[in-house]
Each structure stands twice: as C-alpha cells, then as structure tokens.
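Visitor: My structure is in target-v5.csv, and what it holds is CSV, N, CA and C atoms:
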chain,number,residue,atom,x,y,z
T,7,MET,N,-1.4,-1.0,-12.4
T,7,MET,CA,-1.8,-1.0,-11.0
T,7,MET,C,-2.0,0.4,-10.5
T,8,MET,N,-1.3,1.4,-11.0
T,8,MET,CA,-1.5,2.8,-10.5
T,8,MET,C,-2.8,3.3,-11.0
T,9,ARG,N,-3.3,2.8,-12.1
T,9,ARG,CA,-4.6,3.3,-12.6
T,9,ARG,C,-5.7,2.7,-11.7
T,10,SER,N,-5.6,1.5,-11.2
T,10,SER,CA,-6.5,0.9,-10.3
T,10,SER,C,-6.6,1.7,-9.0
T,11,LYS,N,-5.4,2.1,-8.5
T,11,LYS,CA,-5.4,2.9,-7.3
T,11,LYS,C,-6.1,4.2,-7.5
T,12,GLN,N,-5.8,4.8,-8.7
T,12,GLN,CA,-6.4,6.1,-9.0
T,12,GLN,C,-7.9,6.0,-9.1
T,13,ASN,N,-8.4,4.9,-9.7
T,13,ASN,CA,-9.9,4.7,-9.9
T,13,ASN,C,-10.5,4.5,-8.5
T,14,ILE,N,-9.9,3.8,-7.6
T,14,ILE,CA,-10.4,3.6,-6.3
T,14,ILE,C,-10.5,5.0,-5.6
T,15,ALA,N,-9.4,5.8,-5.6
T,15,ALA,CA,-9.4,7.1,-5.0
T,15,ALA,C,-10.4,8.0,-5.6
T,16,GLU,N,-10.6,8.0,-6.9
T,16,GLU,CA,-11.6,8.9,-7.5
T,16,GLU,C,-13.0,8.4,-7.2
T,17,GLY,N,-13.2,7.1,-7.1
T,17,GLY,CA,-14.5,6.6,-6.7
T,17,GLY,C,-14.8,7.0,-5.3
T,18,SER,N,-13.9,6.9,-4.4
T,18,SER,CA,-14.2,7.3,-3.0
T,18,SER,C,-14.5,8.8,-3.0
T,19,LYS,N,-13.8,9.6,-3.7
T,19,LYS,CA,-14.1,11.1,-3.8
T,19,LYS,C,-15.5,11.3,-4.4
T,20,ALA,N,-15.9,10.5,-5.4
T,20,ALA,CA,-17.1,10.6,-6.1
T,20,ALA,C,-18.3,10.3,-5.2
T,21,ALA,N,-18.0,9.5,-4.1
T,21,ALA,CA,-19.1,9.0,-3.2
T,21,ALA,C,-19.8,10.2,-2.6
T,22,LEU,N,-19.2,11.3,-2.5
T,22,LEU,CA,-19.8,12.5,-1.9
T,22,LEU,C,-21.0,13.0,-2.8
T,23,THR,N,-20.9,12.8,-4.1
T,23,THR,CA,-22.0,13.3,-4.9
T,23,THR,C,-22.7,12.2,-5.7
T,24,SER,N,-22.0,11.0,-6.0
T,24,SER,CA,-22.6,10.1,-6.9
T,24,SER,C,-22.2,8.6,-6.5
T,25,LYS,N,-23.1,7.9,-5.9
T,25,LYS,CA,-22.9,6.5,-5.5
T,25,LYS,C,-22.7,5.7,-6.8
T,26,GLU,N,-23.4,6.1,-7.9
T,26,GLU,CA,-23.2,5.3,-9.1
T,26,GLU,C,-21.8,5.4,-9.7
T,27,THR,N,-21.3,6.6,-9.6
T,27,THR,CA,-19.9,6.8,-10.1
T,27,THR,C,-18.9,6.1,-9.2
T,28,GLU,N,-19.1,6.1,-7.9
T,28,GLU,CA,-18.3,5.4,-7.0
T,28,GLU,C,-18.2,3.9,-7.4
T,29,ILE,N,-19.4,3.3,-7.6
T,29,ILE,CA,-19.5,1.9,-7.9
T,29,ILE,C,-18.8,1.6,-9.3
T,30,LYS,N,-19.1,2.5,-10.2
T,30,LYS,CA,-18.5,2.3,-11.6
T,30,LYS,C,-17.0,2.4,-11.5
T,31,LEU,N,-16.4,3.4,-10.8
T,31,LEU,CA,-14.9,3.5,-10.8
T,31,LEU,C,-14.3,2.3,-10.0
T,32,THR,N,-15.0,1.9,-9.0
T,32,THR,CA,-14.5,0.7,-8.2
T,32,THR,C,-14.5,-0.5,-9.1
T,33,ASN,N,-15.5,-0.7,-9.9
T,33,ASN,CA,-15.6,-1.8,-10.8
T,33,ASN,C,-14.5,-1.7,-11.9
T,34,VAL,N,-14.2,-0.5,-12.3
T,34,VAL,CA,-13.1,-0.3,-13.3
T,34,VAL,C,-11.8,-0.7,-12.7
T,35,ALA,N,-11.6,-0.3,-11.4
T,35,ALA,CA,-10.4,-0.7,-10.7
T,35,ALA,C,-10.3,-2.2,-10.7
T,36,ARG,N,-11.4,-2.9,-10.4
T,36,ARG,CA,-11.4,-4.3,-10.3
T,36,ARG,C,-11.1,-5.0,-11.6
T,37,GLU,N,-11.6,-4.4,-12.7
T,37,GLU,CA,-11.3,-4.9,-14.0
T,37,GLU,C,-9.9,-4.7,-14.4
T,38,SER,N,-9.3,-3.6,-14.0
T,38,SER,CA,-7.9,-3.3,-14.3
T,38,SER,C,-7.0,-4.3,-13.6
T,39,LEU,N,-7.3,-4.7,-12.4
T,39,LEU,CA,-6.6,-5.7,-11.7
T,39,LEU,C,-6.7,-7.1,-12.3
T,40,GLU,N,-7.9,-7.4,-12.9
T,40,GLU,CA,-8.0,-8.6,-13.6
T,40,GLU,C,-7.1,-8.7,-14.8
T,41,GLU,N,-7.0,-7.5,-15.5
T,41,GLU,CA,-6.0,-7.5,-16.7
T,41,GLU,C,-4.6,-7.7,-16.2
T,42,LEU,N,-4.2,-7.1,-15.1
T,42,LEU,CA,-2.9,-7.3,-14.6
T,42,LEU,C,-2.7,-8.7,-14.1
T,43,LEU,N,-3.6,-9.3,-13.6
T,43,LEU,CA,-3.6,-10.7,-13.2
T,43,LEU,C,-3.3,-11.6,-14.4
T,44,VAL,N,-4.0,-11.3,-15.5
T,44,VAL,CA,-3.7,-12.1,-16.8
T,44,VAL,C,-2.3,-11.9,-17.3
T,45,ASP,N,-1.8,-10.6,-17.1
T,45,ASP,CA,-0.4,-10.3,-17.6
T,45,ASP,C,0.6,-11.1,-16.8
T,46,TYR,N,0.4,-11.2,-15.4
T,46,TYR,CA,1.4,-11.9,-14.6
T,46,TYR,C,1.3,-13.4,-14.9
T,47,ARG,N,0.1,-13.9,-15.1
T,47,ARG,CA,0.0,-15.4,-15.5
T,47,ARG,C,0.6,-15.6,-16.8
T,48,ASP,N,0.4,-14.7,-17.8
T,48,ASP,CA,1.1,-14.9,-19.1
T,48,ASP,C,2.6,-14.9,-19.0
T,49,TYR,N,3.1,-14.0,-18.1
T,49,TYR,CA,4.5,-13.9,-17.9
T,49,TYR,C,5.1,-15.2,-17.4
T,50,LEU,N,4.4,-15.8,-16.5
T,50,LEU,CA,4.9,-17.1,-15.9
T,50,LEU,C,4.7,-18.2,-17.0
T,51,ARG,N,3.6,-18.2,-17.7
T,51,ARG,CA,3.3,-19.3,-18.7
T,51,ARG,C,4.3,-19.3,-19.8
T,52,VAL,N,4.7,-18.1,-20.4
T,52,VAL,CA,5.6,-18.1,-21.5
T,52,VAL,C,7.0,-18.5,-21.1
T,53,ARG,N,7.3,-18.4,-19.8
T,53,ARG,CA,8.6,-18.7,-19.3
T,53,ARG,C,8.6,-20.1,-18.7
T,54,ASP,N,7.5,-20.9,-18.8
T,54,ASP,CA,7.4,-22.2,-18.2
T,54,ASP,C,7.6,-22.2,-16.7
T,55,HIS,N,7.0,-21.2,-16.1
T,55,HIS,CA,7.1,-21.2,-14.6
T,55,HIS,C,5.6,-21.5,-14.1
T,56,ALA,N,5.6,-22.1,-12.9
T,56,ALA,CA,4.3,-22.5,-12.4
T,56,ALA,C,3.6,-21.3,-11.7
T,57,VAL,N,2.3,-21.3,-11.7
T,57,VAL,CA,1.6,-20.3,-10.9
T,57,VAL,C,1.3,-21.1,-9.6
T,58,TRP,N,1.5,-20.5,-8.5
T,58,TRP,CA,1.3,-21.1,-7.2
T,58,TRP,C,-0.2,-21.5,-7.0
T,59,ASP,N,-0.4,-22.7,-6.5
T,59,ASP,CA,-1.7,-23.1,-6.1
T,59,ASP,C,-2.2,-22.2,-5.0
T,60,LYS,N,-3.5,-21.9,-5.0
T,60,LYS,CA,-4.0,-21.0,-3.9
T,60,LYS,C,-3.8,-21.5,-2.5
T,61,ASP,N,-3.7,-22.8,-2.4
T,61,ASP,CA,-3.5,-23.4,-1.0
T,61,ASP,C,-2.1,-23.8,-0.8
T,62,SER,N,-1.1,-23.4,-1.6
T,62,SER,CA,0.3,-23.8,-1.4
T,62,SER,C,0.8,-23.0,-0.2
T,63,LYS,N,1.9,-23.6,0.4
T,63,LYS,CA,2.5,-22.9,1.5
T,63,LYS,C,2.9,-21.5,1.2
T,64,GLU,N,3.4,-21.3,0.0
T,64,GLU,CA,3.9,-20.0,-0.5
T,64,GLU,C,2.7,-19.0,-0.5
T,65,SER,N,1.6,-19.4,-1.1
T,65,SER,CA,0.4,-18.5,-1.2
T,65,SER,C,-0.1,-18.2,0.2
T,66,ASN,N,-0.2,-19.2,1.0
T,66,ASN,CA,-0.6,-19.0,2.4
T,66,ASN,C,0.3,-18.0,3.1
T,67,PHE,N,1.6,-18.1,2.9
T,67,PHE,CA,2.5,-17.2,3.5
T,67,PHE,C,2.2,-15.7,3.1
T,68,VAL,N,2.0,-15.5,1.8
T,68,VAL,CA,1.7,-14.2,1.3
T,68,VAL,C,0.4,-13.7,1.8
T,69,ARG,N,-0.6,-14.6,1.9
T,69,ARG,CA,-1.9,-14.2,2.5
T,69,ARG,C,-1.7,-13.7,3.9
T,70,GLN,N,-0.9,-14.4,4.7
T,70,GLN,CA,-0.6,-14.0,6.1
T,70,GLN,C,0.0,-12.7,6.1
T,71,LEU,N,1.0,-12.4,5.2
T,71,LEU,CA,1.6,-11.1,5.2
T,71,LEU,C,0.5,-10.0,4.9
T,72,GLY,N,-0.4,-10.4,4.0
T,72,GLY,CA,-1.4,-9.4,3.7
T,72,GLY,C,-2.4,-9.1,4.8
T,73,ARG,N,-2.4,-9.9,5.9
T,73,ARG,CA,-3.3,-9.6,7.0
T,73,ARG,C,-2.6,-8.7,8.1
T,74,ARG,N,-1.3,-8.5,7.9
T,74,ARG,CA,-0.6,-7.6,8.9
T,74,ARG,C,-1.0,-6.1,8.7
T,75,THR,N,-1.0,-5.4,9.7
T,75,THR,CA,-1.2,-4.0,9.6
T,75,THR,C,0.0,-3.3,10.4
T,76,PRO,N,0.4,-2.2,9.9
T,76,PRO,CA,-0.1,-1.5,8.6
T,76,PRO,C,0.5,-2.2,7.4
T,77,GLN,N,-0.2,-2.2,6.3
T,77,GLN,CA,0.3,-2.7,5.1
T,77,GLN,C,1.3,-1.7,4.5
T,78,THR,N,2.6,-2.1,4.4
T,78,THR,CA,3.6,-1.2,3.7
T,78,THR,C,4.4,-2.1,2.9
T,79,TYR,N,5.2,-1.4,2.0
T,79,TYR,CA,6.1,-2.1,1.1
T,79,TYR,C,7.2,-2.8,2.0
T,80,GLU,N,7.5,-2.3,3.1
T,80,GLU,CA,8.5,-2.9,4.0
T,80,GLU,C,8.2,-4.3,4.3
T,81,LEU,N,6.9,-4.7,4.4
T,81,LEU,CA,6.6,-6.1,4.7
T,81,LEU,C,7.0,-7.0,3.6
T,82,TYR,N,7.1,-6.5,2.4
T,82,TYR,CA,7.4,-7.3,1.2
T,82,TYR,C,8.8,-7.1,0.7
T,83,ARG,N,9.5,-6.1,1.1
T,83,ARG,CA,10.8,-5.6,0.6
T,83,ARG,C,11.7,-6.8,0.4
T,84,GLU,N,12.0,-7.5,1.5
T,84,GLU,CA,13.0,-8.6,1.4
T,84,GLU,C,12.6,-9.6,0.3
T,85,TYR,N,11.4,-10.0,0.2
T,85,TYR,CA,11.0,-10.9,-0.8
T,85,TYR,C,11.1,-10.4,-2.2
T,86,MET,N,10.7,-9.1,-2.4
T,86,MET,CA,10.6,-8.5,-3.7
T,86,MET,C,12.0,-8.2,-4.2
T,87,GLU,N,13.0,-8.0,-3.3
T,87,GLU,CA,14.3,-7.6,-3.7
T,87,GLU,C,15.3,-8.7,-3.7
T,88,THR,N,14.9,-9.9,-3.2
T,88,THR,CA,15.9,-11.0,-3.2
T,88,THR,C,15.4,-12.3,-3.9
T,89,ARG,N,14.2,-12.3,-4.3
T,89,ARG,CA,13.7,-13.5,-4.9
T,89,ARG,C,13.7,-13.4,-6.4
T,90,PRO,N,13.7,-14.6,-7.1
T,90,PRO,CA,13.7,-14.6,-8.6
T,90,PRO,C,12.4,-14.0,-9.1
T,91,PRO,N,12.4,-13.6,-10.4
T,91,PRO,CA,11.2,-13.0,-11.0
T,91,PRO,C,10.0,-13.8,-10.9
T,92,GLN,N,10.1,-15.2,-11.0
T,92,GLN,CA,8.9,-16.0,-11.0
T,92,GLN,C,8.2,-16.0,-9.6
T,93,VAL,N,9.0,-15.9,-8.6
T,93,VAL,CA,8.5,-15.8,-7.2
T,93,VAL,C,7.8,-14.4,-7.0
T,94,ILE,N,8.5,-13.4,-7.5
T,94,ILE,CA,7.9,-12.0,-7.4
T,94,ILE,C,6.5,-12.0,-8.2
T,95,ALA,N,6.5,-12.6,-9.4
T,95,ALA,CA,5.2,-12.6,-10.1
T,95,ALA,C,4.1,-13.3,-9.3
T,96,ASN,N,4.5,-14.4,-8.7
T,96,ASN,CA,3.5,-15.2,-7.9
T,96,ASN,C,3.1,-14.4,-6.7
T,97,ILE,N,4.0,-13.7,-6.1
T,97,ILE,CA,3.6,-12.8,-4.9
T,97,ILE,C,2.6,-11.8,-5.4
T,98,ALA,N,2.9,-11.2,-6.6
T,98,ALA,CA,2.0,-10.2,-7.1
T,98,ALA,C,0.6,-10.8,-7.4
T,99,ILE,N,0.6,-12.0,-7.9
T,99,ILE,CA,-0.7,-12.7,-8.2
T,99,ILE,C,-1.5,-12.8,-6.9
T,100,CYS,N,-0.8,-13.3,-5.8
T,100,CYS,CA,-1.5,-13.4,-4.5
T,100,CYS,C,-2.0,-12.1,-4.0
T,101,LEU,N,-1.3,-11.1,-4.2
T,101,LEU,CA,-1.7,-9.7,-3.7
T,101,LEU,C,-2.9,-9.2,-4.5
T,102,ILE,N,-2.9,-9.5,-5.8
T,102,ILE,CA,-4.0,-9.1,-6.7
T,102,ILE,C,-5.3,-9.9,-6.2
T,103,HIS,N,-5.1,-11.1,-6.0
T,103,HIS,CA,-6.3,-11.9,-5.5
T,103,HIS,C,-6.8,-11.3,-4.2
T,104,GLN,N,-6.0,-11.0,-3.3
T,104,GLN,CA,-6.4,-10.4,-2.0
T,104,GLN,C,-7.1,-9.0,-2.2
T,105,THR,N,-6.5,-8.2,-3.1
T,105,THR,CA,-7.1,-6.9,-3.4
T,105,THR,C,-8.5,-7.1,-4.1
T,106,ASN,N,-8.6,-8.1,-5.0
T,106,ASN,CA,-9.9,-8.3,-5.7
T,106,ASN,C,-10.9,-8.8,-4.7
T,107,TYR,N,-10.5,-9.6,-3.8
T,107,TYR,CA,-11.5,-10.1,-2.7
T,107,TYR,C,-12.0,-8.9,-1.9
T,108,LEU,N,-11.1,-8.0,-1.5
T,108,LEU,CA,-11.6,-6.8,-0.8
T,108,LEU,C,-12.4,-5.9,-1.6
T,109,LEU,N,-12.0,-5.7,-2.9
T,109,LEU,CA,-12.8,-4.8,-3.8
T,109,LEU,C,-14.2,-5.5,-4.0
T,110,ASP,N,-14.3,-6.8,-4.1
T,110,ASP,CA,-15.6,-7.4,-4.3
T,110,ASP,C,-16.5,-7.2,-3.1
T,111,GLN,N,-15.9,-7.2,-1.9
T,111,GLN,CA,-16.7,-6.9,-0.7
T,111,GLN,C,-17.2,-5.4,-0.7
T,112,GLN,N,-16.3,-4.5,-1.1
T,112,GLN,CA,-16.6,-3.1,-1.2
T,112,GLN,C,-17.7,-2.9,-2.2
T,113,ILE,N,-17.6,-3.5,-3.4
T,113,ILE,CA,-18.6,-3.3,-4.4
T,113,ILE,C,-20.0,-3.8,-3.9
T,114,ARG,N,-20.0,-5.0,-3.3
T,114,ARG,CA,-21.3,-5.5,-2.7
T,114,ARG,C,-21.9,-4.5,-1.7
T,115,THR,N,-21.0,-4.0,-0.9
T,115,THR,CA,-21.5,-3.0,0.1
T,115,THR,C,-22.1,-1.8,-0.5
T,116,LEU,N,-21.3,-1.2,-1.5
T,116,LEU,CA,-21.8,0.0,-2.2
T,116,LEU,C,-23.1,-0.3,-2.9
T,117,GLU,N,-23.2,-1.4,-3.6
T,117,GLU,CA,-24.5,-1.7,-4.3
T,117,GLU,C,-25.6,-1.9,-3.3
T,118,LYS,N,-25.4,-2.5,-2.2
T,118,LYS,CA,-26.4,-2.6,-1.1
T,118,LYS,C,-26.9,-1.2,-0.6
T,119,GLU,N,-25.9,-0.4,-0.3
T,119,GLU,CA,-26.2,1.0,0.1
T,119,GLU,C,-27.0,1.7,-0.9
T,120,PHE,N,-26.6,1.6,-2.2
T,120,PHE,CA,-27.3,2.3,-3.3
T,120,PHE,C,-28.8,1.8,-3.4
T,121,LEU,N,-29.0,0.4,-3.3
T,121,LEU,CA,-30.3,-0.1,-3.3
T,121,LEU,C,-31.2,0.4,-2.2
T,122,GLU,N,-30.6,0.4,-1.0
T,122,GLU,CA,-31.3,0.8,0.2
T,122,GLU,C,-31.6,2.3,0.3
T,123,HIS,N,-30.6,3.1,-0.1
T,123,HIS,CA,-30.7,4.6,0.1
T,123,HIS,C,-30.7,5.4,-1.2
T,124,GLY,N,-30.5,4.8,-2.3
T,124,GLY,CA,-30.5,5.5,-3.6
T,124,GLY,C,-29.2,6.4,-3.7
T,125,GLY,N,-29.2,7.1,-4.8
T,125,GLY,CA,-28.1,8.0,-5.0
T,125,GLY,C,-28.5,9.4,-4.6
T,126,LEU,N,-27.6,10.3,-4.8
T,126,LEU,CA,-27.8,11.7,-4.5
T,126,LEU,C,-29.0,12.3,-5.2
T,127,ARG,N,-29.2,12.0,-6.4
T,127,ARG,CA,-30.3,12.5,-7.2
T,127,ARG,C,-31.7,12.1,-6.5
T,128,GLU,N,-31.7,10.8,-6.2
T,128,GLU,CA,-32.9,10.3,-5.6
T,128,GLU,C,-33.2,10.9,-4.2
T,129,ARG,N,-32.2,11.1,-3.4
T,129,ARG,CA,-32.3,11.7,-2.1
T,129,ARG,C,-32.7,13.2,-2.3
T,130,MET,N,-32.2,13.9,-3.2
T,130,MET,CA,-32.5,15.3,-3.5
T,130,MET,C,-34.0,15.4,-3.9
T,131,TYR,N,-34.4,14.5,-4.8
T,131,TYR,CA,-35.8,14.5,-5.3
T,131,TYR,C,-36.7,14.3,-4.1
T,132,GLU,N,-36.4,13.3,-3.3
T,132,GLU,CA,-37.3,13.0,-2.1
T,132,GLU,C,-37.3,14.3,-1.2
T,133,ALA,N,-36.2,14.9,-1.0
T,133,ALA,CA,-36.2,16.1,-0.2
T,133,ALA,C,-37.1,17.2,-0.8
T,134,ARG,N,-37.0,17.4,-2.1
T,134,ARG,CA,-37.8,18.4,-2.8
T,134,ARG,C,-39.3,18.1,-2.6
T,135,GLN,N,-39.6,16.8,-2.8
T,135,GLN,CA,-41.0,16.4,-2.7
T,135,GLN,C,-41.5,16.6,-1.2
T,136,ARG,N,-40.7,16.3,-0.2
T,136,ARG,CA,-41.1,16.5,1.2
T,136,ARG,C,-41.3,18.0,1.4
T,137,HIS,N,-40.4,18.8,0.8
T,137,HIS,CA,-40.5,20.3,1.0
T,137,HIS,C,-41.8,20.8,0.3
T,138,ARG,N,-42.2,20.3,-0.8
T,138,ARG,CA,-43.4,20.7,-1.5
T,138,ARG,C,-44.6,20.3,-0.8
T,139,ARG,N,-44.6,19.1,-0.2
T,139,ARG,CA,-45.8,18.6,0.6
T,139,ARG,C,-45.9,19.4,1.9
T,140,ASN,N,-44.8,19.8,2.5
T,140,ASN,CA,-44.8,20.5,3.8
T,140,ASN,C,-44.0,21.7,3.7
T,141,PRO,N,-44.4,22.8,3.0
T,141,PRO,CA,-43.6,24.0,2.9
T,141,PRO,C,-43.4,24.6,4.3
T,142,PRO,N,-42.3,25.3,4.4
T,142,PRO,CA,-42.1,25.9,5.7
T,142,PRO,C,-43.1,27.1,5.9
T,143,ARG,N,-43.5,27.2,7.1
T,143,ARG,CA,-44.5,28.3,7.4
T,143,ARG,C,-43.8,29.6,7.8
T,144,SER,N,-44.3,30.7,7.3
T,144,SER,CA,-43.6,32.0,7.6
T,144,SER,C,-44.3,32.7,8.7
Written as structure tokens, that's how I'd like the structure from this file.

Guide:
Amino acid sequence: MMRSKQNIAEGSKAALTSKETEIKLTNVARESLEELLVDYRDYLRVRDHAVWDKDSKESNFVRQLGRRTPQTYELYREYMETRPPQVIANIAICLIHQTNYLLDQQIRTLEKEFLEHGGLRERMYEARQRHRRNPPRS
C-alpha cells in the first residue's frame, strides 16, 4: 500500500514535466492495489471467511465512511482496532475498491488531458516551431 501511495505522489510530481510519466506511475499504483486486493481475498479464502458482497450493508457502511471528509484514520480506528481480522480484511477490500474507482477516474482524466494537450515535449516542440515561424523582431 505504501508503494502505491509513493507512486501516486511521484506521478503527481512528474506531472510538472511529463504527463506520460504521471499516467504511468498512476497506473502502477492502480496495479499495486489490485495485487493487494488479491492478497486480502486470498487471506479470507484460505481461512474460509466470506468476502462481503459489494451491496451488503457492511460494504455500504464502509462506502459511506469513505465519503466523509476529511478522510483520516480516526474515521476507521474503532472498526480496525475492535473487529476480528476477517472484518478488517473486508474493510480493506472496500477501501481498495474505492481507491481504485478514484484512480480510474484520475487516469481517464490524465489520458484525456494528454490527448488534448500533449505532453511537455510536444508543447515545447510547438513553441519552438512558432518561434521559428515568427522570430522576435529586434
């Protein structure tokens, strides 16, 4: 999970110079969360615990928590510190799904921006071409 967070942070910093790198690192974060999701599901499966249905009252409760702002650990502390491991794993699965949903939206937006405006190299090339066509007059 920490690596996903780091990829997202690095991708955001990379946005200043490379939209491609930002998209790539955001996708890497998304893939890392998918791996974590598989791990949590495996944890529950090997222990014969159920994965909550996405429309269960428990999943809906976690989704509602995820909509509160600000998002802090304090929102989840009581549940994470007092519930059995299978509940905690299911909470984590819900949170991963929410995060993946948000990352998917971010990736679509980044890709759209890239298609519409290009990356830094393309913008620099266009600026050079404009300068060559219309050099400044002395």

Visitor: How far is it from CA of Ile94 (chain T) to atom N of Gln111 (chain T), in Å with one decimal?

Guide: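 A separation of 24.9 Å between them.
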
Visitor: Taking the DSSP secondary structure from the backbone, can you list the residues of chain T that are helix (DSSP H, G or I), as an MDAnalysis selection string?

Guide: chainID T and resid 8:20 25:52 63:72 80:88 91:123 126:139

Visitor: Take every atom of region 124-137 of chain T listed in the file, fit an axis-aligned box around them, add 5 Å per side, and give the centre and edge lengths in Å to one decimal as lines of an AutoDock Vina configuration file.

Guide:
center_x = -34.7
center_y = 12.8
center_z = -2.9
size_x = 24.2
size_y = 26.0
size_z = 18.6

Visitor: Which of these, T:Ile102, T:Ile113, T:Ile97, T:Ala133, has the shortest distance to Glu41 (chain T) once you count only C-alpha atoms?

Guide: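 The answer is T:Ile102, which sits nearest to Glu41 (chain T).
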
Visitor: Hey, which of T:Pro142, T:Leu109, T:Thr115, T:His137 ends up closest to Val34 (chain T)? Count only C-alpha atoms.

Guide: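 Result for the nearest residue to Val34 (chain T): T:Leu109.
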
Visitor: Counting only C-alpha atoms, which residue out of T:Ser24, T:Ser65, T:Thr78, T:Gln112 sits closest to Ile99 (chain T)?

Guide: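 Using only C-alpha atoms, the shortest distance to Ile99 (chain T) belongs to T:Ser65.
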
Visitor: So, with only C-alpha atoms as the atoms that count, which of T:Glu87, T:Glu128, T:Asp45, T:Asp110 lies closest to Asn33 (chain T)?

Guide: T:Asp110

Visitor: For each of T:Cys100, T:Gly124, T:Leu116, T:Leu43, take the minimum atom-to-atom distance to Asp61 (chain T), counting only C-alpha atoms, then give the residue where this is smallest.

Guide: T:Cys100

Visitor: Identify which of the residues T:Gln92, T:Lys118, T:Gln104, T:Arg138 lies closest to His55 (chain T), counting all atoms listed in the file when measuring atom-to-atom distances.

Guide: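 Distance minimum relative to His55 (chain T) lands on T:Gln92.
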
Visitor: Mind giving me the straight-line distance from CA of Asp59 (chain T) to CA of Asn96 (chain T) in Å, one decimal?

Guide: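 Between CA of Asp59 (chain T) and CA of Asn96 (chain T) the gap works out to 9.6 Å.
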
Visitor: Please indicate the distance in Å from atom N of Arg143 (chain T) to atom N of His123 (chain T), rounded to one decimal place.

Guide: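 Result for atom N of Arg143 (chain T) versus atom N of His123 (chain T): 28.3 Å, one decimal.
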
Visitor: Would you save region 90-124 of chain T to a file, keeping C-alpha atoms, as a PDB file, in the first residue's frame?

Guide:
ATOM      1  CA  PRO T  90     -11.973  -9.505  14.031  1.00  0.00           C
ATOM      2  CA  PRO T  91      -9.377  -9.924  11.248  1.00  0.00           C
ATOM      3  CA  GLN T  92     -11.928 -11.032   8.635  1.00  0.00           C
ATOM      4  CA  VAL T  93     -13.901  -7.808   9.136  1.00  0.00           C
ATOM      5  CA  ILE T  94     -10.736  -5.735   8.898  1.00  0.00           C
ATOM      6  CA  ALA T  95      -9.772  -7.546   5.676  1.00  0.00           C
ATOM      7  CA  ASN T  96     -13.205  -6.823   4.221  1.00  0.00           C
ATOM      8  CA  ILE T  97     -12.957  -3.166   5.227  1.00  0.00           C
ATOM      9  CA  ALA T  98      -9.592  -3.020   3.456  1.00  0.00           C
ATOM     10  CA  ILE T  99     -11.137  -4.606   0.348  1.00  0.00           C
ATOM     11  CA  CYS T 100     -13.891  -1.959   0.344  1.00  0.00           C
ATOM     12  CA  LEU T 101     -11.338   0.830   0.692  1.00  0.00           C
ATOM     13  CA  ILE T 102      -9.210  -0.598  -2.116  1.00  0.00           C
ATOM     14  CA  HIS T 103     -12.258  -0.671  -4.391  1.00  0.00           C
ATOM     15  CA  GLN T 104     -12.996   2.959  -3.543  1.00  0.00           C
ATOM     16  CA  THR T 105      -9.404   3.963  -4.179  1.00  0.00           C
ATOM     17  CA  ASN T 106      -9.330   2.071  -7.479  1.00  0.00           C
ATOM     18  CA  TYR T 107     -12.506   3.820  -8.578  1.00  0.00           C
ATOM     19  CA  LEU T 108     -10.936   7.215  -7.875  1.00  0.00           C
ATOM     20  CA  LEU T 109      -7.671   6.233  -9.575  1.00  0.00           C
ATOM     21  CA  ASP T 110      -9.598   5.046 -12.649  1.00  0.00           C
ATOM     22  CA  GLN T 111     -11.255   8.462 -12.865  1.00  0.00           C
ATOM     23  CA  GLN T 112      -7.899  10.190 -12.442  1.00  0.00           C
ATOM     24  CA  ILE T 113      -6.275   8.032 -15.131  1.00  0.00           C
ATOM     25  CA  ARG T 114      -9.114   8.774 -17.592  1.00  0.00           C
ATOM     26  CA  THR T 115      -8.729  12.497 -16.913  1.00  0.00           C
ATOM     27  CA  LEU T 116      -4.947  12.367 -17.335  1.00  0.00           C
ATOM     28  CA  GLU T 117      -5.261  10.444 -20.602  1.00  0.00           C
ATOM     29  CA  LYS T 118      -7.850  12.907 -21.911  1.00  0.00           C
ATOM     30  CA  GLU T 119      -5.626  15.863 -20.992  1.00  0.00           C
ATOM     31  CA  PHE T 120      -2.676  14.176 -22.703  1.00  0.00           C
ATOM     32  CA  LEU T 121      -4.678  13.543 -25.876  1.00  0.00           C
ATOM     33  CA  GLU T 122      -5.987  17.109 -25.939  1.00  0.00           C
ATOM     34  CA  HIS T 123      -2.823  18.972 -24.954  1.00  0.00           C
ATOM     35  CA  GLY T 124       0.037  16.533 -25.443  1.00  0.00           C
TER      36      GLY T 124
END
